[in-house]
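Heads up: the structure comes next, in structure tokens.
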There are 2 protein chains.
Amino acid sequence: MSGIGIVSAQCAHFTQPLHLKGGGVLPAFDLVYETYGTLNAARSNAILVCHALSGHHHLAGRTADEFGKPTANVGWWDNIIGPGRPLDTERFFIVGVNNLGGCHGSTGPGSVNPATAKPWGADFPVVTVEDWVDSQARLADRLGIESWAAVMGGSLGGMQALQWTLSYPDRVRHALVIAAAPKLSAENIAFNDVARQAILTDPDFHGGHFYEHGVRPLRGLRLARMLGHITYLSDDQMAEKFGRRLRVGAGSYGFDVEFEIESYLRYQGDKFAGVFDANTYLRMTKALDYFDPALDFDDDLVRALARARAKFLVVAFSTDWRFTPARSREIVHALVHNGQAVAYAEIDSAHGHDSFLMDEPHYHAVVDTYLQRVKL
Amino acid sequence: MSGIGIVSAQCAHFTQPLHLKGGGVLPAFDLVYETYGTLNAARSNAILVCHALSGHHHLAGRTADEFGKPTANVGWWDNIIGPGRPLDTERFFIVGVNNLGGCHGSTGPGSVNPATAKPWGADFPVVTVEDWVDSQARLADRLGIESWAAVMGGSLGGMQALQWTLSYPDRVRHALVIAAAPKLSAENIAFNDVARQAILTDPDFHGGHFYEHGVRPLRGLRLARMLGHITYLSDDQMAEKFGRRLRVGAGSYGFDVEFEIESYLRYQGDKFAGVFDANTYLRMTKALDYFDPALDFDDDLVRALARARAKFLVVAFSTDWRFTPARSREIVHALVHNGQAVAYAEIDSAHGHDSFLMDEPHYHAVVDTYLQRVKL
């Protein structure tokens with residue numbers, strides 16, 4: 001059961017222009033965020049949790065309905081956040097933020113472009129991991145947090161944690177980089193591109209200006225999510241969960257759902273397409289593709305990470321084939337080579353890339369132990 | 001250079017109805033095929049080569065243009081077929097056939113349905129590996145081939161070779177099962193289903209009756225092929241071939257092609273969508289999903305393969321992650337358990353699933369050595 005009760009989001013408005021890595025400028029922007037626990041007097045107990053591709057600021061607890069009653073909308077990392085949990089809200093002040101370009105309240109493609117008074121749509125700039133970190137630093141300023149006790153996240157969230165140690169070496173004391181990679185492989189980019197092409201070629205995409213047409217590129221978004229899900233799960237897990245089980249009434253020699261795995265993927269695809277913004281999805285995958293801190297260092301990750309001052313916990317999962325443990329070890333090896341402080345845990349888990357979201361006792365114990373030793 | 005000159009296809013028309021595993025009946029059908037080499041007097045030197053998902057009957061040599069000059073249209077397995085090659089046309093009589101449901105001349109969804117005088121389209125039945133083998137047996141009858149010296153193929157082609165040993169144990173003396181699996185995994189089915197959904201949800205698919213609308217579901221077919229290509233290549237090969245190289249003018253922070261791998265996949269997708277039939281693609285992937293010779297034997301592959309009388313060569317490739325060597329070994333172990341004759345080669349190759357199409361010296365040497373020992 002959730003240890004945190006009802007939570008509600010807040011919105012921070014920023015009026016200083018944000019210069020983006022791609023060259024654009026956001027004249028002003030909103031960041032929607034939630035917090036859990038209490039910031040201590042020394043302002044030294046704050047943890048920033050960064051979200052992955054389809055995540056958002058709602059990490060833990062439940063949102064309320066219009067009558068103030070808790071809804072079924074439980075935060076996506078509720079199993080690790082709360083009193084007595086690894087991210088202990090009796091000790092830490094935890095911040096979740098919806099990234100720029102998102103579709104959960106922060107300024108993004110669905111927001112109104114002040115220059116045109118219409119939704120940004122395709123005109124919303126491509127934002128990078130570096131841009132997100134810069135915008136999150138503004139939020140830290142607003143909250144009076146000079147230095148994070150820790151910045152952490154899984155997958156794309158882990159990349160943000162890593163980038164924090166490079167963009168603001170003096171503002172992050174610990175980085176927890178979970179199920180991440182120092183950059184995407186060609187295969188990772190390939191999967192992202194197929195997902196993007198599914199969206200971009202959907203006739204309802206209208207070049208990204210679908211809002212004005214009263215439609216949404218549901219078909220493309222659905223395909224993108226179905227494909228994504230294959231890469232989030234492990235082959236073993238799929239075999240165990242779905243195998244080749246036929247659904248009742250299947251074996252029809254037609255093209256309706258026949259195998260359980262088809263049913264699962266189509267359901268996940270439909271559910272996601274119903275709530276997520278296609279322009280956000282495009283931008284989140286591009287942020288993944290562009291992330292490459294070693295690019296400006298002749299592909300030398302050792303030199304690229306040398307300026308980090310944080311201590312690191314790097315966590316990988318045995319069955320993660322999207323970002324294999326070998327990719328996490330690239331980060332670990334570079335840090336070790338630099339004599340930087342790093343702990344590494346490779347967790348035996350059946351859940352593939354999605355393991356970082358799961359209530360895996362061994363994994364949670366590692367995070368718990370690490371965070372207990374963080375000095376406030 | 002091709003050892004075989006100009007080749008031309010032939011067409012066999014069959015008027016006996018073919019009863020399909022899915023319950024339908026094809027009242028009559030054509031099979032388009034090519035042959036290379038000469039059938040010996042004893043009719044004992046014939047090899048049937050079965051094609052994979054996007055293959056066809058044109059295995060080797062070049063087709064001619066209208067003036068009888070050779071075109072650039074070289075057969076897809078030309079590197080292994082010809083005088084002095086592993087499939088030596090001075091010794092063997094080799095047959096390539098386009099499968100039922102295909103789009104290269106044999107009866108398929110684009111053919112005219114005699115009942116309506118319009119293209120079959122969506123009404124063309126789902127055909128299975130068993131159905132293909134039955135239709136190929138008709139072709140063998142027509143060619144006067146009582147028993148194949150060998151039936152062989154890669155991927156879905158390997159599954160047909162395996163099925164031949166089960167459907168017609170006395171008509172195949174050797175089966176070469178390359179880069180195949182005894183059935184698809186849940187993950188394999190998942191990839192196929194995303195590809196199918198891309199086609200089925202393309203507005204130009206028109207429920208499979210797009211021929212009558214003068215359009216083709218190019219977007220869906222393109223996505224299906226892009227996705228397929230990711231699974232055909234190895235991660236290492238992609239890294240070596242494309243890495244994260246940016247194309248000239250890339251780094252645009254937009255959604256045009258930026259990485260080399262994107263360029264490659266989109267090119268492959270466009271090329272394929274321009275020539276292949278969407279209804280055929282749907283049926284080929286379904287034939288893959290349905291293939292499961294152990295299904296009627298309580299998932300016991302040992303019992304399922306017991307009735308085979310052929311000798312086997314099973315070949316797998318180290319970097320094939322679509323059908324890993326472990327999947328090939330399932331076949332080998334079942335045969336060994338039954339005391340059946342089987343040789344197994346696991347080839348170290350960088351080319352992933354596509355290795356079976358490549359001119360890999362070690363792989364070709366294995367096939368060559370095996371076939372040299374086949375008694376005619």
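Starting from 1 in every chain, residues are counted up; chains themselves are A, B, ... following the order of the structure tokens, and ligands are numbered from 1 as listed.
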Interface, chain B side, toward chain A (8 Å; only C-alpha atoms) as JSON, numbers by chain:
{"B": [22, 125, 126, 184, 185, 186, 187, 189, 190, 191, 193, 194, 197, 198, 201, 219, 223, 226, 227, 230, 235, 238, 239, 242, 243, 244, 252, 253, 254, 261, 262, 265]}
How would you write, as a PyMOL selection string, the set of residues in range 27-214 of chain A that DSSP gives as strand (DSSP E or B)?
chain A and resi 29-36+46-50+62-64+70-74+81-82+87-88+93-97+112-113+118-119+148+150-154+172+174-178
One decimal, in Å: what's the spacing between CA of Thr319 in chain B and CA of Ala181 in chain B?
14.6 Å
Applying 8 Å and only C-alpha atoms, which residues near range 211-218 of chain B remain after dropping the ones on its own chain fewer than 4 positions away? List them as a compact mmCIF listing (two decimals) with all heavy atoms, in the first residue's frame.
# COMPACT_ATOMS: atom_id res chain seq x y z
N GLY B 110 -2.69 -11.18 -54.84
CA GLY B 110 -2.81 -10.29 -55.98
C GLY B 110 -3.35 -10.99 -57.23
O GLY B 110 -3.65 -10.34 -58.23
N PRO B 119 -9.15 -9.40 -57.86
CA PRO B 119 -8.03 -9.92 -57.05
C PRO B 119 -8.54 -10.51 -55.74
O PRO B 119 -9.47 -9.98 -55.13
CB PRO B 119 -7.17 -8.67 -56.80
CG PRO B 119 -7.52 -7.73 -57.90
CD PRO B 119 -8.97 -7.98 -58.20
N GLY B 121 -7.11 -10.49 -52.79
CA GLY B 121 -6.95 -9.55 -51.69
C GLY B 121 -7.10 -10.25 -50.36
O GLY B 121 -6.54 -11.33 -50.12
N ILE B 199 0.66 -2.60 -41.14
CA ILE B 199 -0.01 -2.76 -42.44
C ILE B 199 -1.53 -2.68 -42.28
O ILE B 199 -2.21 -1.95 -43.00
CB ILE B 199 0.39 -4.12 -43.08
CG1 ILE B 199 1.87 -4.08 -43.47
CG2 ILE B 199 -0.50 -4.44 -44.29
CD1 ILE B 199 2.45 -5.43 -43.84
N ASP B 202 -2.87 0.81 -41.78
CA ASP B 202 -2.61 1.81 -42.81
C ASP B 202 -3.93 2.10 -43.54
O ASP B 202 -4.57 1.18 -44.05
CB ASP B 202 -1.56 1.27 -43.79
CG ASP B 202 -1.14 2.30 -44.83
OD1 ASP B 202 -2.00 3.10 -45.25
OD2 ASP B 202 0.04 2.30 -45.20
N PRO B 203 -4.34 3.37 -43.58
CA PRO B 203 -5.63 3.68 -44.24
C PRO B 203 -5.69 3.20 -45.69
O PRO B 203 -6.77 2.95 -46.22
CB PRO B 203 -5.70 5.20 -44.16
CG PRO B 203 -4.81 5.59 -43.03
CD PRO B 203 -3.72 4.56 -42.99
N ASP B 204 -4.52 3.06 -46.32
CA ASP B 204 -4.52 2.58 -47.71
C ASP B 204 -4.62 1.06 -47.83
O ASP B 204 -4.55 0.52 -48.93
CB ASP B 204 -3.25 3.06 -48.43
CG ASP B 204 -3.30 4.54 -48.75
OD1 ASP B 204 -4.42 5.09 -48.82
OD2 ASP B 204 -2.23 5.16 -48.90
N PHE B 205 -4.75 0.37 -46.69
CA PHE B 205 -4.87 -1.08 -46.75
C PHE B 205 -6.29 -1.50 -47.16
O PHE B 205 -6.48 -2.52 -47.83
CB PHE B 205 -4.51 -1.69 -45.39
CG PHE B 205 -4.55 -3.19 -45.36
CD1 PHE B 205 -3.68 -3.94 -46.13
CD2 PHE B 205 -5.47 -3.86 -44.56
CE1 PHE B 205 -3.71 -5.34 -46.11
CE2 PHE B 205 -5.52 -5.24 -44.54
CZ PHE B 205 -4.63 -5.98 -45.31
N HIS B 206 -7.25 -0.71 -46.79
CA HIS B 206 -8.65 -0.96 -47.16
C HIS B 206 -9.06 -2.40 -46.87
O HIS B 206 -9.63 -3.08 -47.75
CB HIS B 206 -8.89 -0.63 -48.64
CG HIS B 206 -8.79 0.82 -48.97
ND1 HIS B 206 -9.72 1.74 -48.56
CD2 HIS B 206 -7.83 1.53 -49.63
CE1 HIS B 206 -9.36 2.96 -48.96
NE2 HIS B 206 -8.21 2.86 -49.61
N ARG B 222 6.37 -0.28 -45.41
CA ARG B 222 7.69 0.32 -45.16
C ARG B 222 8.09 0.16 -43.69
O ARG B 222 9.22 -0.24 -43.38
CB ARG B 222 7.59 1.79 -45.55
CG ARG B 222 8.78 2.65 -45.23
CD ARG B 222 8.49 4.05 -45.75
NE ARG B 222 9.58 4.97 -45.53
CZ ARG B 222 9.68 5.75 -44.45
NH1 ARG B 222 8.76 5.68 -43.49
NH2 ARG B 222 10.69 6.59 -44.33
N ASP B 270 11.61 1.79 -48.01
CA ASP B 270 11.02 2.35 -49.23
C ASP B 270 11.16 1.39 -50.40
O ASP B 270 10.21 1.17 -51.16
CB ASP B 270 11.70 3.68 -49.58
CG ASP B 270 11.27 4.80 -48.63
OD1 ASP B 270 10.16 4.71 -48.07
OD2 ASP B 270 12.05 5.75 -48.46
N ALA B 273 8.76 -1.59 -49.92
CA ALA B 273 7.35 -1.21 -50.04
C ALA B 273 6.98 -0.99 -51.51
O ALA B 273 5.84 -1.20 -51.90
CB ALA B 273 7.06 0.05 -49.21
N GLY B 274 7.98 -0.59 -52.30
CA GLY B 274 7.71 -0.33 -53.71
C GLY B 274 7.43 -1.58 -54.52
O GLY B 274 6.80 -1.50 -55.59
N ALA B 278 1.46 -6.30 -49.68
CA ALA B 278 1.16 -6.24 -48.25
C ALA B 278 0.41 -7.49 -47.78
O ALA B 278 0.68 -8.01 -46.69
CB ALA B 278 0.34 -4.99 -47.94
Write out as number ranges by chain each polymer residue whose atoms come within 9 Å of Thr324 in chain A, counting only C-alpha atoms; drop sequence neighbours fewer than 4 positions from it.
A: 179-181, 316-320, 328-329, 353
Write out as a PyMOL selection string each polymer residue whose atoms come within 8 Å of range 157-170 of chain B, counting only C-alpha atoms; drop sequence neighbours fewer than 4 positions from it.
chain B and resi 49-52+129-130+132-134+147+151-153+175-182+291+293+305+307-310
Prev. selection, N, CA and C atoms, output as a PDB file, in the first residue's frame:
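The file below, out-v8.pdb, is the result:
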ATOM      1  N   VAL B  49      15.068 -25.738 -52.925  1.00  0.00           N
ATOM      2  CA  VAL B  49      15.432 -24.617 -52.058  1.00  0.00           C
ATOM      3  C   VAL B  49      14.160 -23.831 -51.740  1.00  0.00           C
ATOM      4  N   CYS B  50      13.851 -23.723 -50.449  1.00  0.00           N
ATOM      5  CA  CYS B  50      12.637 -23.020 -50.011  1.00  0.00           C
ATOM      6  C   CYS B  50      13.012 -21.607 -49.573  1.00  0.00           C
ATOM      7  N   HIS B  51      12.165 -20.660 -49.877  1.00  0.00           N
ATOM      8  CA  HIS B  51      12.527 -19.267 -49.580  1.00  0.00           C
ATOM      9  C   HIS B  51      11.939 -18.777 -48.265  1.00  0.00           C
ATOM     10  N   ALA B  52      12.489 -17.671 -47.811  1.00  0.00           N
ATOM     11  CA  ALA B  52      12.072 -17.070 -46.541  1.00  0.00           C
ATOM     12  C   ALA B  52      11.020 -15.997 -46.786  1.00  0.00           C
ATOM     13  N   VAL B 129       3.090 -23.400 -43.412  1.00  0.00           N
ATOM     14  CA  VAL B 129       4.275 -24.125 -43.880  1.00  0.00           C
ATOM     15  C   VAL B 129       3.856 -25.502 -44.412  1.00  0.00           C
ATOM     16  N   GLU B 130       2.924 -26.134 -43.729  1.00  0.00           N
ATOM     17  CA  GLU B 130       2.442 -27.446 -44.182  1.00  0.00           C
ATOM     18  C   GLU B 130       1.798 -27.345 -45.564  1.00  0.00           C
ATOM     19  N   TRP B 132       2.446 -25.120 -47.858  1.00  0.00           N
ATOM     20  CA  TRP B 132       3.508 -24.903 -48.856  1.00  0.00           C
ATOM     21  C   TRP B 132       4.167 -26.219 -49.240  1.00  0.00           C
ATOM     22  N   VAL B 133       4.452 -27.012 -48.219  1.00  0.00           N
ATOM     23  CA  VAL B 133       5.116 -28.286 -48.483  1.00  0.00           C
ATOM     24  C   VAL B 133       4.211 -29.176 -49.351  1.00  0.00           C
ATOM     25  N   ASP B 134       2.926 -29.171 -49.045  1.00  0.00           N
ATOM     26  CA  ASP B 134       1.994 -29.951 -49.875  1.00  0.00           C
ATOM     27  C   ASP B 134       2.006 -29.466 -51.328  1.00  0.00           C
ATOM     28  N   SER B 147      11.815 -38.408 -54.957  1.00  0.00           N
ATOM     29  CA  SER B 147      12.496 -38.149 -53.683  1.00  0.00           C
ATOM     30  C   SER B 147      13.571 -37.089 -53.906  1.00  0.00           C
ATOM     31  N   VAL B 151      16.198 -31.104 -49.288  1.00  0.00           N
ATOM     32  CA  VAL B 151      15.358 -29.919 -49.226  1.00  0.00           C
ATOM     33  C   VAL B 151      16.046 -28.991 -48.249  1.00  0.00           C
ATOM     34  N   MET B 152      16.168 -27.715 -48.598  1.00  0.00           N
ATOM     35  CA  MET B 152      16.931 -26.819 -47.740  1.00  0.00           C
ATOM     36  C   MET B 152      16.389 -25.400 -47.806  1.00  0.00           C
ATOM     37  N   GLY B 153      16.801 -24.606 -46.812  1.00  0.00           N
ATOM     38  CA  GLY B 153      16.427 -23.200 -46.802  1.00  0.00           C
ATOM     39  C   GLY B 153      16.883 -22.544 -45.519  1.00  0.00           C
ATOM     40  N   ALA B 175      17.835 -32.954 -45.135  1.00  0.00           N
ATOM     41  CA  ALA B 175      17.224 -31.649 -44.872  1.00  0.00           C
ATOM     42  C   ALA B 175      18.303 -30.732 -44.325  1.00  0.00           C
ATOM     43  N   LEU B 176      18.472 -29.565 -44.959  1.00  0.00           N
ATOM     44  CA  LEU B 176      19.433 -28.565 -44.481  1.00  0.00           C
ATOM     45  C   LEU B 176      18.628 -27.415 -43.887  1.00  0.00           C
ATOM     46  N   VAL B 177      18.645 -27.359 -42.578  1.00  0.00           N
ATOM     47  CA  VAL B 177      17.799 -26.421 -41.834  1.00  0.00           C
ATOM     48  C   VAL B 177      18.708 -25.320 -41.282  1.00  0.00           C
ATOM     49  N   ILE B 178      18.642 -24.142 -41.879  1.00  0.00           N
ATOM     50  CA  ILE B 178      19.629 -23.083 -41.639  1.00  0.00           C
ATOM     51  C   ILE B 178      18.960 -21.879 -40.980  1.00  0.00           C
ATOM     52  N   ALA B 179      19.559 -21.393 -39.918  1.00  0.00           N
ATOM     53  CA  ALA B 179      19.078 -20.169 -39.246  1.00  0.00           C
ATOM     54  C   ALA B 179      17.579 -20.241 -38.962  1.00  0.00           C
ATOM     55  N   ALA B 180      17.147 -21.370 -38.458  1.00  0.00           N
ATOM     56  CA  ALA B 180      15.717 -21.573 -38.227  1.00  0.00           C
ATOM     57  C   ALA B 180      15.451 -21.855 -36.746  1.00  0.00           C
ATOM     58  N   ALA B 181      14.229 -22.188 -36.444  1.00  0.00           N
ATOM     59  CA  ALA B 181      13.816 -22.509 -35.076  1.00  0.00           C
ATOM     60  C   ALA B 181      12.658 -23.488 -35.183  1.00  0.00           C
ATOM     61  N   PRO B 182      12.435 -24.291 -34.143  1.00  0.00           N
ATOM     62  CA  PRO B 182      11.329 -25.253 -34.210  1.00  0.00           C
ATOM     63  C   PRO B 182       9.962 -24.582 -34.060  1.00  0.00           C
ATOM     64  N   PHE B 291       3.911 -21.926 -37.379  1.00  0.00           N
ATOM     65  CA  PHE B 291       4.774 -23.110 -37.489  1.00  0.00           C
ATOM     66  C   PHE B 291       5.121 -23.641 -36.100  1.00  0.00           C
ATOM     67  N   PRO B 293       5.653 -27.677 -35.156  1.00  0.00           N
ATOM     68  CA  PRO B 293       5.395 -29.114 -35.360  1.00  0.00           C
ATOM     69  C   PRO B 293       5.153 -29.881 -34.067  1.00  0.00           C
ATOM     70  N   LEU B 305       9.417 -34.981 -34.026  1.00  0.00           N
ATOM     71  CA  LEU B 305      10.382 -35.201 -35.111  1.00  0.00           C
ATOM     72  C   LEU B 305      10.669 -36.684 -35.352  1.00  0.00           C
ATOM     73  N   ARG B 307       9.172 -39.094 -36.630  1.00  0.00           N
ATOM     74  CA  ARG B 307       8.798 -39.739 -37.887  1.00  0.00           C
ATOM     75  C   ARG B 307       9.674 -39.332 -39.072  1.00  0.00           C
ATOM     76  N   ALA B 308      10.568 -38.370 -38.876  1.00  0.00           N
ATOM     77  CA  ALA B 308      11.458 -37.973 -39.974  1.00  0.00           C
ATOM     78  C   ALA B 308      12.408 -39.115 -40.314  1.00  0.00           C
ATOM     79  N   ARG B 309      12.657 -39.287 -41.613  1.00  0.00           N
ATOM     80  CA  ARG B 309      13.586 -40.332 -42.063  1.00  0.00           C
ATOM     81  C   ARG B 309      14.831 -39.716 -42.710  1.00  0.00           C
ATOM     82  N   ALA B 310      14.822 -38.405 -42.878  1.00  0.00           N
ATOM     83  CA  ALA B 310      15.940 -37.726 -43.543  1.00  0.00           C
ATOM     84  C   ALA B 310      17.153 -37.657 -42.625  1.00  0.00           C
TER      85      ALA B 310
END
For Leu143 in chain B, work out the shell of residues within 10 Å, counting only C-alpha atoms and skipping chain neighbours fewer than 4 positions away, then give it as a list of chain:residue names.
B:Ala12, B:Leu39, B:Arg43, B:Ala46, B:Val95, B:Ala137, B:Arg138, B:Leu139
With a distance cut-off of 10 Å and only C-alpha atoms, select the neighbouring residues of Asn45 in chain A, excluding the residue or stretch itself and same-chain residues fewer than 5 positions from it, and output the selection as a count of residues only.
17
Which of range 72-228 of chain B end up as alpha helix (DSSP H) when DSSP is run on this backbone - answer as a PyMOL selection string?
chain B and resi 129-143+156-167+186-200+218-228
